[in-house]
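Visitor: Handing over data01.pdb, PDB, C-alpha atoms and all ligand atoms.
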MODEL        1
ATOM      1  CA  MET A   1     104.413 107.103  78.237  1.00  0.00           C
ATOM      2  CA  ASP A   2     104.283 105.217  81.537  1.00  0.00           C
ATOM      3  CA  ILE A   3     101.893 106.652  84.147  1.00  0.00           C
ATOM      4  CA  TYR A   4     102.362 105.151  87.609  1.00  0.00           C
ATOM      5  CA  ILE A   5      99.539 105.002  90.155  1.00  0.00           C
ATOM      6  CA  ALA A   6     100.643 104.461  93.749  1.00  0.00           C
ATOM      7  CA  SER A   7      98.102 101.766  94.625  1.00  0.00           C
ATOM      8  CA  GLU A   8      96.649  98.477  93.469  1.00  0.00           C
ATOM      9  CA  ASN A   9      93.211  99.440  94.751  1.00  0.00           C
ATOM     10  CA  PRO A  10      90.986  98.759  91.684  1.00  0.00           C
ATOM     11  CA  ALA A  11      88.934 101.920  92.274  1.00  0.00           C
ATOM     12  CA  LYS A  12      92.082 104.075  92.090  1.00  0.00           C
ATOM     13  CA  VAL A  13      93.568 102.202  89.127  1.00  0.00           C
ATOM     14  CA  ALA A  14      90.261 102.460  87.220  1.00  0.00           C
ATOM     15  CA  ALA A  15      90.144 106.215  87.877  1.00  0.00           C
ATOM     16  CA  VAL A  16      93.567 106.686  86.267  1.00  0.00           C
ATOM     17  CA  LYS A  17      92.759 104.353  83.366  1.00  0.00           C
ATOM     18  CA  GLN A  18      89.606 106.351  82.577  1.00  0.00           C
ATOM     19  CA  LEU A  19      91.765 109.284  81.486  1.00  0.00           C
ATOM     20  CA  PHE A  20      95.134 107.806  80.550  1.00  0.00           C
ATOM     21  CA  ARG A  21      94.137 105.480  77.683  1.00  0.00           C
ATOM     22  CA  PRO A  22      96.276 103.133  75.565  1.00  0.00           C
ATOM     23  CA  GLU A  23      94.969 104.788  72.351  1.00  0.00           C
ATOM     24  CA  ASP A  24      96.575 108.030  73.559  1.00  0.00           C
ATOM     25  CA  HIS A  25      99.846 106.149  74.142  1.00  0.00           C
ATOM     26  CA  TYR A  26      99.603 106.005  77.905  1.00  0.00           C
ATOM     27  CA  ASN A  27     100.474 102.844  79.795  1.00  0.00           C
ATOM     28  CA  VAL A  28      99.139 102.733  83.372  1.00  0.00           C
ATOM     29  CA  ILE A  29     101.291 100.853  85.908  1.00  0.00           C
ATOM     30  CA  ALA A  30      99.969 100.110  89.415  1.00  0.00           C
ATOM     31  CA  LYS A  31     102.762 100.222  92.002  1.00  0.00           C
ATOM     32  CA  PRO A  32     101.629 100.185  95.644  1.00  0.00           C
ATOM     33  CA  VAL A  33     103.789 102.453  97.796  1.00  0.00           C
ATOM     34  CA  SER A  34     103.517 103.648 101.376  1.00  0.00           C
ATOM     35  CA  SER A  35     101.553 106.824 102.012  1.00  0.00           C
ATOM     36  CA  GLY A  36     103.858 107.728 104.903  1.00  0.00           C
ATOM     37  CA  VAL A  37     100.802 108.834 106.915  1.00  0.00           C
ATOM     38  CA  SER A  38      98.412 106.863 109.134  1.00  0.00           C
ATOM     39  CA  ALA A  39      96.311 104.092 107.577  1.00  0.00           C
ATOM     40  CA  GLN A  40      93.317 106.272 108.373  1.00  0.00           C
ATOM     41  CA  PRO A  41      94.297 109.908 107.714  1.00  0.00           C
ATOM     42  CA  GLY A  42      92.418 112.137 110.170  1.00  0.00           C
ATOM     43  CA  SER A  43      92.484 115.553 108.473  1.00  0.00           C
ATOM     44  CA  GLU A  44      92.516 117.201 105.045  1.00  0.00           C
ATOM     45  CA  GLU A  45      96.183 118.017 105.603  1.00  0.00           C
ATOM     46  CA  GLU A  46      97.184 114.461 106.443  1.00  0.00           C
ATOM     47  CA  THR A  47      95.151 113.082 103.512  1.00  0.00           C
ATOM     48  CA  LEU A  48      96.810 115.522 101.102  1.00  0.00           C
ATOM     49  CA  LYS A  49     100.205 114.626 102.533  1.00  0.00           C
ATOM     50  CA  GLY A  50      99.536 110.928 101.893  1.00  0.00           C
ATOM     51  CA  ALA A  51      98.717 111.650  98.235  1.00  0.00           C
ATOM     52  CA  VAL A  52     101.815 113.840  97.821  1.00  0.00           C
ATOM     53  CA  ASN A  53     104.111 111.307  99.518  1.00  0.00           C
ATOM     54  CA  ARG A  54     102.853 108.525  97.262  1.00  0.00           C
ATOM     55  CA  ALA A  55     103.360 110.554  94.055  1.00  0.00           C
ATOM     56  CA  HIS A  56     106.844 111.694  95.109  1.00  0.00           C
ATOM     57  CA  THR A  57     107.919 108.167  96.052  1.00  0.00           C
ATOM     58  CA  LEU A  58     106.948 106.861  92.604  1.00  0.00           C
ATOM     59  CA  VAL A  59     109.014 109.509  90.822  1.00  0.00           C
ATOM     60  CA  HIS A  60     111.997 109.816  93.161  1.00  0.00           C
ATOM     61  CA  GLN A  61     112.375 106.201  94.356  1.00  0.00           C
ATOM     62  CA  PHE A  62     110.919 104.144  91.516  1.00  0.00           C
ATOM     63  CA  GLY A  63     111.912 106.279  88.523  1.00  0.00           C
ATOM     64  CA  ALA A  64     108.360 106.892  87.306  1.00  0.00           C
ATOM     65  CA  PRO A  65     108.171 109.587  84.595  1.00  0.00           C
ATOM     66  CA  VAL A  66     104.751 110.536  86.004  1.00  0.00           C
ATOM     67  CA  GLY A  67     103.491 109.412  89.419  1.00  0.00           C
ATOM     68  CA  ILE A  68      99.946 109.796  90.744  1.00  0.00           C
ATOM     69  CA  GLY A  69      98.981 109.441  94.409  1.00  0.00           C
ATOM     70  CA  LEU A  70      95.326 109.236  95.501  1.00  0.00           C
ATOM     71  CA  GLU A  71      94.335 109.204  99.152  1.00  0.00           C
ATOM     72  CA  GLY A  72      91.089 108.992 101.065  1.00  0.00           C
ATOM     73  CA  GLY A  73      90.660 110.210 104.619  1.00  0.00           C
ATOM     74  CA  ILE A  74      88.343 111.827 107.104  1.00  0.00           C
ATOM     75  CA  THR A  75      88.107 115.395 108.334  1.00  0.00           C
ATOM     76  CA  GLU A  76      85.935 117.347 110.728  1.00  0.00           C
ATOM     77  CA  LEU A  77      84.092 120.487 109.641  1.00  0.00           C
ATOM     78  CA  GLY A  78      81.667 122.317 111.921  1.00  0.00           C
ATOM     79  CA  GLY A  79      81.530 119.361 114.282  1.00  0.00           C
ATOM     80  CA  VAL A  80      80.600 116.945 111.470  1.00  0.00           C
ATOM     81  CA  MET A  81      82.872 114.159 110.225  1.00  0.00           C
ATOM     82  CA  TYR A  82      83.355 114.034 106.461  1.00  0.00           C
ATOM     83  CA  LEU A  83      85.002 111.659 104.015  1.00  0.00           C
ATOM     84  CA  CYS A  84      87.627 113.654 102.090  1.00  0.00           C
ATOM     85  CA  ASN A  85      89.840 112.814  99.129  1.00  0.00           C
ATOM     86  CA  TRP A  86      93.069 114.221  97.678  1.00  0.00           C
ATOM     87  CA  GLY A  87      95.334 113.590  94.721  1.00  0.00           C
ATOM     88  CA  ALA A  88      98.842 114.564  93.610  1.00  0.00           C
ATOM     89  CA  LEU A  89     100.695 114.219  90.314  1.00  0.00           C
ATOM     90  CA  ALA A  90     104.496 114.428  90.232  1.00  0.00           C
ATOM     91  CA  VAL A  91     106.692 114.532  87.126  1.00  0.00           C
ATOM     92  CA  GLU A  92     110.373 113.603  86.883  1.00  0.00           C
ATOM     93  CA  SER A  93     111.188 117.192  85.793  1.00  0.00           C
ATOM     94  CA  GLY A  94     110.200 118.281  89.304  1.00  0.00           C
ATOM     95  CA  ALA A  95     106.789 119.685  88.390  1.00  0.00           C
ATOM     96  CA  PHE A  96     104.076 118.751  90.804  1.00  0.00           C
ATOM     97  CA  PHE A  97     100.311 119.350  91.102  1.00  0.00           C
ATOM     98  CA  THR A  98      97.604 118.693  93.696  1.00  0.00           C
ATOM     99  CA  ALA A  99      93.790 118.609  93.628  1.00  0.00           C
ATOM    100  CA  GLY A 100      91.018 117.827  96.069  1.00  0.00           C
ATOM    101  CA  GLY A 101      88.051 115.528  95.565  1.00  0.00           C
ATOM    102  CA  ALA A 102      84.547 115.240  96.936  1.00  0.00           C
ATOM    103  CA  ARG A 103      83.626 115.524 100.595  1.00  0.00           C
ATOM    104  CA  ILE A 104      80.498 113.914 101.981  1.00  0.00           C
ATOM    105  CA  PRO A 105      79.267 113.758 105.578  1.00  0.00           C
ATOM    106  CA  LEU A 106      79.476 110.411 107.355  1.00  0.00           C
ATOM    107  CA  PRO A 107      76.407 109.084 109.210  1.00  0.00           C
ATOM    108  CA  ASP A 108      76.658 109.416 113.001  1.00  0.00           C
ATOM    109  CA  GLU A 109      76.733 105.644 113.469  1.00  0.00           C
ATOM    110  CA  VAL A 110      79.834 105.559 111.246  1.00  0.00           C
ATOM    111  CA  SER A 111      81.639 108.547 112.772  1.00  0.00           C
ATOM    112  CA  VAL A 112      81.065 107.261 116.314  1.00  0.00           C
ATOM    113  CA  LEU A 113      82.999 104.076 115.491  1.00  0.00           C
ATOM    114  CA  ILE A 114      85.785 105.985 113.745  1.00  0.00           C
ATOM    115  CA  LYS A 115      86.183 108.177 116.824  1.00  0.00           C
ATOM    116  CA  LYS A 116      86.676 104.951 118.784  1.00  0.00           C
ATOM    117  CA  GLY A 117      89.643 104.171 116.520  1.00  0.00           C
ATOM    118  CA  GLU A 118      88.123 101.930 113.856  1.00  0.00           C
ATOM    119  CA  GLU A 119      89.029 102.351 110.171  1.00  0.00           C
ATOM    120  CA  LEU A 120      86.433 103.737 107.781  1.00  0.00           C
ATOM    121  CA  GLY A 121      87.059 100.876 105.364  1.00  0.00           C
ATOM    122  CA  ASP A 122      85.913  98.373 108.005  1.00  0.00           C
ATOM    123  CA  VAL A 123      83.091 100.481 109.426  1.00  0.00           C
ATOM    124  CA  ILE A 124      81.522 101.206 106.036  1.00  0.00           C
ATOM    125  CA  ASP A 125      81.521  97.463 105.251  1.00  0.00           C
ATOM    126  CA  GLN A 126      79.516  96.820 108.422  1.00  0.00           C
ATOM    127  CA  TYR A 127      77.231  99.786 107.716  1.00  0.00           C
ATOM    128  CA  ALA A 128      76.514  98.615 104.147  1.00  0.00           C
ATOM    129  CA  SER A 129      76.480  94.880 105.079  1.00  0.00           C
ATOM    130  CA  ARG A 130      79.052  94.277 102.340  1.00  0.00           C
ATOM    131  CA  SER A 131      82.726  93.466 102.114  1.00  0.00           C
ATOM    132  CA  GLY A 132      85.473  95.357 100.315  1.00  0.00           C
ATOM    133  CA  VAL A 133      83.512  98.581  99.773  1.00  0.00           C
ATOM    134  CA  ARG A 134      86.815 100.508  99.543  1.00  0.00           C
ATOM    135  CA  TYR A 135      87.829  98.443  96.492  1.00  0.00           C
ATOM    136  CA  ARG A 136      84.482  98.921  94.778  1.00  0.00           C
ATOM    137  CA  GLU A 137      81.911 101.697  95.051  1.00  0.00           C
ATOM    138  CA  GLY A 138      83.606 103.242  98.083  1.00  0.00           C
ATOM    139  CA  THR A 139      82.001 105.130 100.938  1.00  0.00           C
ATOM    140  CA  VAL A 140      80.883 107.788  98.486  1.00  0.00           C
ATOM    141  CA  GLY A 141      79.122 105.097  96.442  1.00  0.00           C
ATOM    142  CA  VAL A 142      77.331 103.717  99.502  1.00  0.00           C
ATOM    143  CA  LEU A 143      76.245 107.147 100.732  1.00  0.00           C
ATOM    144  CA  THR A 144      74.979 108.284  97.298  1.00  0.00           C
ATOM    145  CA  GLY A 145      73.204 105.033  96.478  1.00  0.00           C
ATOM    146  CA  GLY A 146      75.678 104.447  93.646  1.00  0.00           C
ATOM    147  CA  ALA A 147      75.188 107.859  91.985  1.00  0.00           C
ATOM    148  CA  VAL A 148      78.922 108.653  92.424  1.00  0.00           C
ATOM    149  CA  THR A 149      81.308 105.760  92.902  1.00  0.00           C
ATOM    150  CA  ARG A 150      84.851 105.865  94.300  1.00  0.00           C
ATOM    151  CA  ASP A 151      86.418 105.480  90.853  1.00  0.00           C
ATOM    152  CA  ASP A 152      84.183 108.238  89.388  1.00  0.00           C
ATOM    153  CA  MET A 153      85.126 110.521  92.255  1.00  0.00           C
ATOM    154  CA  PHE A 154      88.862 109.821  91.886  1.00  0.00           C
ATOM    155  CA  ALA A 155      88.551 110.111  88.079  1.00  0.00           C
ATOM    156  CA  HIS A 156      87.487 113.711  88.617  1.00  0.00           C
ATOM    157  CA  VAL A 157      90.552 114.315  90.810  1.00  0.00           C
ATOM    158  CA  VAL A 158      92.772 112.737  88.113  1.00  0.00           C
ATOM    159  CA  LYS A 159      91.196 115.065  85.518  1.00  0.00           C
ATOM    160  CA  LEU A 160      92.005 118.067  87.708  1.00  0.00           C
ATOM    161  CA  LEU A 161      95.618 116.862  87.982  1.00  0.00           C
ATOM    162  CA  PHE A 162      95.926 116.034  84.274  1.00  0.00           C
ATOM    163  CA  GLY A 163      94.555 119.425  83.207  1.00  0.00           C
ATOM    164  CA  GLN A 164      97.006 121.340  85.402  1.00  0.00           C
ATOM    165  CA  TRP A 165      99.926 119.239  84.173  1.00  0.00           C
ATOM    166  CA  LYS A 166      99.012 119.646  80.464  1.00  0.00           C
ATOM    167  CA  ARG A 167      98.468 123.378  80.854  1.00  0.00           C
ATOM    168  CA  ASN A 168     101.951 123.743  82.322  1.00  0.00           C
ATOM    169  CA  LEU A 169     103.777 121.611  79.737  1.00  0.00           C
TER     170      LEU A 169
HETATM  171  O1  LIG A 201      95.502 100.409  98.952  1.00  0.00           O
HETATM  172  P1  LIG A 201      95.333 101.859  99.184  1.00  0.00           P
HETATM  173  O2  LIG A 201      95.743 102.685  98.023  1.00  0.00           O
HETATM  174  O3  LIG A 201      95.948 102.339 100.447  1.00  0.00           O
HETATM  175  O4  LIG A 201      93.746 102.107  99.248  1.00  0.00           O
HETATM  176  P2  LIG A 201      92.764 102.280 100.503  1.00  0.00           P
HETATM  177  O5  LIG A 201      91.447 101.707 100.130  1.00  0.00           O
HETATM  178  O6  LIG A 201      93.411 101.823 101.759  1.00  0.00           O
HETATM  179  O7  LIG A 201      92.487 103.834 100.531  1.00  0.00           O
HETATM  180  P3  LIG A 201      93.280 105.008 101.257  1.00  0.00           P
HETATM  181  O8  LIG A 201      94.540 104.489 101.850  1.00  0.00           O
HETATM  182  O9  LIG A 201      93.361 106.152 100.299  1.00  0.00           O
HETATM  183  O10 LIG A 201      92.265 105.458 102.373  1.00  0.00           O
HETATM  184  C1  LIG A 201      92.673 105.573 103.708  1.00  0.00           C
HETATM  185  C2  LIG A 201      91.718 104.856 104.601  1.00  0.00           C
HETATM  186  O11 LIG A 201      90.494 105.546 104.599  1.00  0.00           O
HETATM  187  C3  LIG A 201      89.413 104.664 104.410  1.00  0.00           C
HETATM  188  N1  LIG A 201      88.710 105.098 103.214  1.00  0.00           N
HETATM  189  C4  LIG A 201      88.962 106.201 102.538  1.00  0.00           C
HETATM  190  N2  LIG A 201      88.106 106.368 101.547  1.00  0.00           N
HETATM  191  C5  LIG A 201      87.277 105.319 101.589  1.00  0.00           C
HETATM  192  C6  LIG A 201      86.166 104.908 100.832  1.00  0.00           C
HETATM  193  O12 LIG A 201      85.696 105.633  99.835  1.00  0.00           O
HETATM  194  N3  LIG A 201      85.576 103.775 101.147  1.00  0.00           N
HETATM  195  C7  LIG A 201      86.019 103.022 102.169  1.00  0.00           C
HETATM  196  N4  LIG A 201      87.051 103.367 102.943  1.00  0.00           N
HETATM  197  C8  LIG A 201      87.661 104.497 102.654  1.00  0.00           C
HETATM  198  C9  LIG A 201      89.958 103.276 104.399  1.00  0.00           C
HETATM  199  O13 LIG A 201      89.722 102.739 105.686  1.00  0.00           O
HETATM  200  C10 LIG A 201      91.429 103.437 104.158  1.00  0.00           C
HETATM  201  O14 LIG A 201      92.180 102.556 104.951  1.00  0.00           O
HETATM  202 MG    MG A 202      95.328 102.606 102.442  1.00  0.00          MG
ENDMDL
END
For this file, write the structure as structure tokens.
Guide:
Amino acid sequence: MDIYIASENPAKVAAVKQLFRPEDHYNVIAKPVSSGVSAQPGSEEETLKGAVNRAHTLVHQFGAPVGIGLEGGITELGGVMYLCNWGALAVESGAFFTAGGARIPLPDEVSVLIKKGEELGDVIDQYASRSGVRYREGTVGVLTGGAVTRDDMFAHVVKLLFGQWKRNL
């Protein structure tokens, strides 16, 4: 069965491949599609919407039997800016599931720059003195010293989606 993931970001593709394995007859296909929300989603709601839009586009525009959308964003809780993450899984039958991922507070020096309009992906590279953090360990990897990486975090979201889908088959 073909499982589409709505991104070529290696961290997202790896998260899906962790669960959907060839030995279980799953074939993972990376197909980047638009999230339909801002490049830097600014709330839980907008981040969720990006994940849902991506999953729906795969199924309804690209004929995917199963489409998975994963989206990272930022949100404010109690005056603190957090990284947040959402996922959605859509099936051609019309069934559709969502699940949230980890949230972790952003350091003040990061959130100050985001409030000025910069993208987290760029700011976290400067903060960590690295390049391409979003394709590798992610912000969550930087802020946990590698204890939880972006693909691990999204793999948990994919598990939450997979479990709901299987239970409803
Ligand atoms: O190619 P796509 O799938 O779009 O992958 P992306 O890395 O751009 O990831 P998202 O669109 O899901 O994330 C939206 C923005 O939020 C930022 N972002 C979210 N999570 C991040 C993380 O863990 N590390 C670095 N940047 C992150 C980054 O600036 C993204 O442009
Ligand atoms: Mg993006």
Visitor: The PyMOL selection byres (((chain A and resi 106-123) around 8) and not hetatm) on the file shown: which residues, as an MDAnalysis selection string?
Guide: chainID A and resid 39:40 80:83 104:105 124:127 132:134 139
Visitor: With C-alpha atoms retained, write the just-selected residues as an mmCIF file, in the coordinates of the input.
Guide:
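Result file part_18.cif:
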data_model
loop_
_atom_site.group_PDB
_atom_site.id
_atom_site.type_symbol
_atom_site.label_atom_id
_atom_site.label_comp_id
_atom_site.auth_asym_id
_atom_site.auth_seq_id
_atom_site.Cartn_x
_atom_site.Cartn_y
_atom_site.Cartn_z
ATOM 1 C CA ALA A 39 96.311 104.092 107.577
ATOM 2 C CA GLN A 40 93.317 106.272 108.373
ATOM 3 C CA VAL A 80 80.600 116.945 111.470
ATOM 4 C CA MET A 81 82.872 114.159 110.225
ATOM 5 C CA TYR A 82 83.355 114.034 106.461
ATOM 6 C CA LEU A 83 85.002 111.659 104.015
ATOM 7 C CA ILE A 104 80.498 113.914 101.981
ATOM 8 C CA PRO A 105 79.267 113.758 105.578
ATOM 9 C CA ILE A 124 81.522 101.206 106.036
ATOM 10 C CA ASP A 125 81.521 97.463 105.251
ATOM 11 C CA GLN A 126 79.516 96.820 108.422
ATOM 12 C CA TYR A 127 77.231 99.786 107.716
ATOM 13 C CA GLY A 132 85.473 95.357 100.315
ATOM 14 C CA VAL A 133 83.512 98.581 99.773
ATOM 15 C CA ARG A 134 86.815 100.508 99.543
ATOM 16 C CA THR A 139 82.001 105.130 100.938
#
Visitor: Using all atoms listed in the file, which residues of the polymer chains come no farther than 10 Å from ligand MG 202 (chain A)? I'd like the answer as a VMD selection string.
Guide: chain A and resid 7 to 9 32 to 35 37 to 41 50 70 to 73 119 121 134
Visitor: What separation in Å, quoted to one decimal, exists between atom CA of A:Leu48 and atom CA of A:Trp86?
Guide: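 Pair atom CA of A:Leu48 / atom CA of A:Trp86 returns 5.2 Å.
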Visitor: Kindly resolve the PyMOL selection byres (((chain A and resi 43) around 9) and not hetatm) on the present coordinates and return the residues as a PyMOL selection string.
Guide: chain A and resi 41-42+44-48+73-76+84
Visitor: For ligand LIG 201 (chain A), which residue among A:Ile3, A:Ala99, A:Ala51, A:Leu77 is the nearest when counting only C-alpha atoms and all ligand atoms?
Guide: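 Result for the nearest residue to ligand LIG 201 (chain A): A:Ala51.
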Visitor: Please indicate the distance in Å from atom C6 of ligand LIG 201 (chain A) to atom CA of A:Gly138, rounded to one decimal place.
Guide: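 Answer for the atom C6 of ligand LIG 201 (chain A) to atom CA of A:Gly138 separation: 4.1 Å.
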Visitor: For ligand LIG 201 (chain A), which residue out of A:Leu89, A:Met153, A:Ala128, A:Val140 is the nearest one, using all atoms listed in the file?
Guide: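 For ligand LIG 201 (chain A), the nearest of the candidates is A:Val140.
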Visitor: Kindly give the distance, in Å, that separates atom CA of A:Phe96 and atom CA of A:Val148, rounded to a single decimal.
Guide: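 Atom-to-atom, atom CA of A:Phe96 and atom CA of A:Val148 are spaced 27.2 Å apart.
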Visitor: Complete stretch 45-62 of chain A with N, CA and C atoms (output as an mmCIF file, in the coordinates of the input).
Guide:
data_model
loop_
_atom_site.group_PDB
_atom_site.id
_atom_site.type_symbol
_atom_site.label_atom_id
_atom_site.label_comp_id
_atom_site.auth_asym_id
_atom_site.auth_seq_id
_atom_site.Cartn_x
_atom_site.Cartn_y
_atom_site.Cartn_z
ATOM 1 N N GLU A 45 94.741 117.844 105.761
ATOM 2 C CA GLU A 45 96.183 118.017 105.603
ATOM 3 C C GLU A 45 96.910 116.672 105.541
ATOM 4 N N GLU A 46 96.524 115.773 106.431
ATOM 5 C CA GLU A 46 97.184 114.461 106.443
ATOM 6 C C GLU A 46 96.819 113.654 105.182
ATOM 7 N N THR A 47 95.592 113.795 104.716
ATOM 8 C CA THR A 47 95.151 113.082 103.512
ATOM 9 C C THR A 47 95.918 113.598 102.291
ATOM 10 N N LEU A 48 96.031 114.911 102.189
ATOM 11 C CA LEU A 48 96.810 115.522 101.102
ATOM 12 C C LEU A 48 98.266 115.053 101.158
ATOM 13 N N LYS A 49 98.810 115.038 102.370
ATOM 14 C CA LYS A 49 100.205 114.626 102.533
ATOM 15 C C LYS A 49 100.421 113.188 102.056
ATOM 16 N N GLY A 50 99.452 112.322 102.344
ATOM 17 C CA GLY A 50 99.536 110.928 101.893
ATOM 18 C C GLY A 50 99.581 110.845 100.373
ATOM 19 N N ALA A 51 98.741 111.646 99.712
ATOM 20 C CA ALA A 51 98.717 111.650 98.235
ATOM 21 C C ALA A 51 100.049 112.168 97.690
ATOM 22 N N VAL A 52 100.551 113.230 98.275
ATOM 23 C CA VAL A 52 101.815 113.840 97.821
ATOM 24 C C VAL A 52 102.974 112.872 98.045
ATOM 25 N N ASN A 53 103.034 112.267 99.220
ATOM 26 C CA ASN A 53 104.111 111.307 99.518
ATOM 27 C C ASN A 53 104.121 110.175 98.501
ATOM 28 N N ARG A 54 102.937 109.654 98.197
ATOM 29 C CA ARG A 54 102.853 108.525 97.262
ATOM 30 C C ARG A 54 103.367 108.942 95.878
ATOM 31 N N ALA A 55 102.941 110.101 95.399
ATOM 32 C CA ALA A 55 103.360 110.554 94.055
ATOM 33 C C ALA A 55 104.871 110.785 94.018
ATOM 34 N N HIS A 56 105.405 111.420 95.050
ATOM 35 C CA HIS A 56 106.844 111.694 95.109
ATOM 36 C C HIS A 56 107.670 110.408 95.157
ATOM 37 N N THR A 57 107.197 109.437 95.933
ATOM 38 C CA THR A 57 107.919 108.167 96.052
ATOM 39 C C THR A 57 108.019 107.480 94.692
ATOM 40 N N LEU A 58 106.934 107.507 93.927
ATOM 41 C CA LEU A 58 106.948 106.861 92.604
ATOM 42 C C LEU A 58 108.019 107.481 91.709
ATOM 43 N N VAL A 59 108.091 108.811 91.727
ATOM 44 C CA VAL A 59 109.014 109.509 90.822
ATOM 45 C C VAL A 59 110.453 109.434 91.344
ATOM 46 N N HIS A 60 110.636 109.670 92.633
ATOM 47 C CA HIS A 60 111.997 109.816 93.161
ATOM 48 C C HIS A 60 112.623 108.498 93.627
ATOM 49 N N GLN A 61 111.784 107.487 93.942
ATOM 50 C CA GLN A 61 112.375 106.201 94.356
ATOM 51 C C GLN A 61 112.211 105.106 93.319
ATOM 52 N N PHE A 62 111.176 105.220 92.477
ATOM 53 C CA PHE A 62 110.919 104.144 91.516
ATOM 54 C C PHE A 62 111.106 104.584 90.067
#
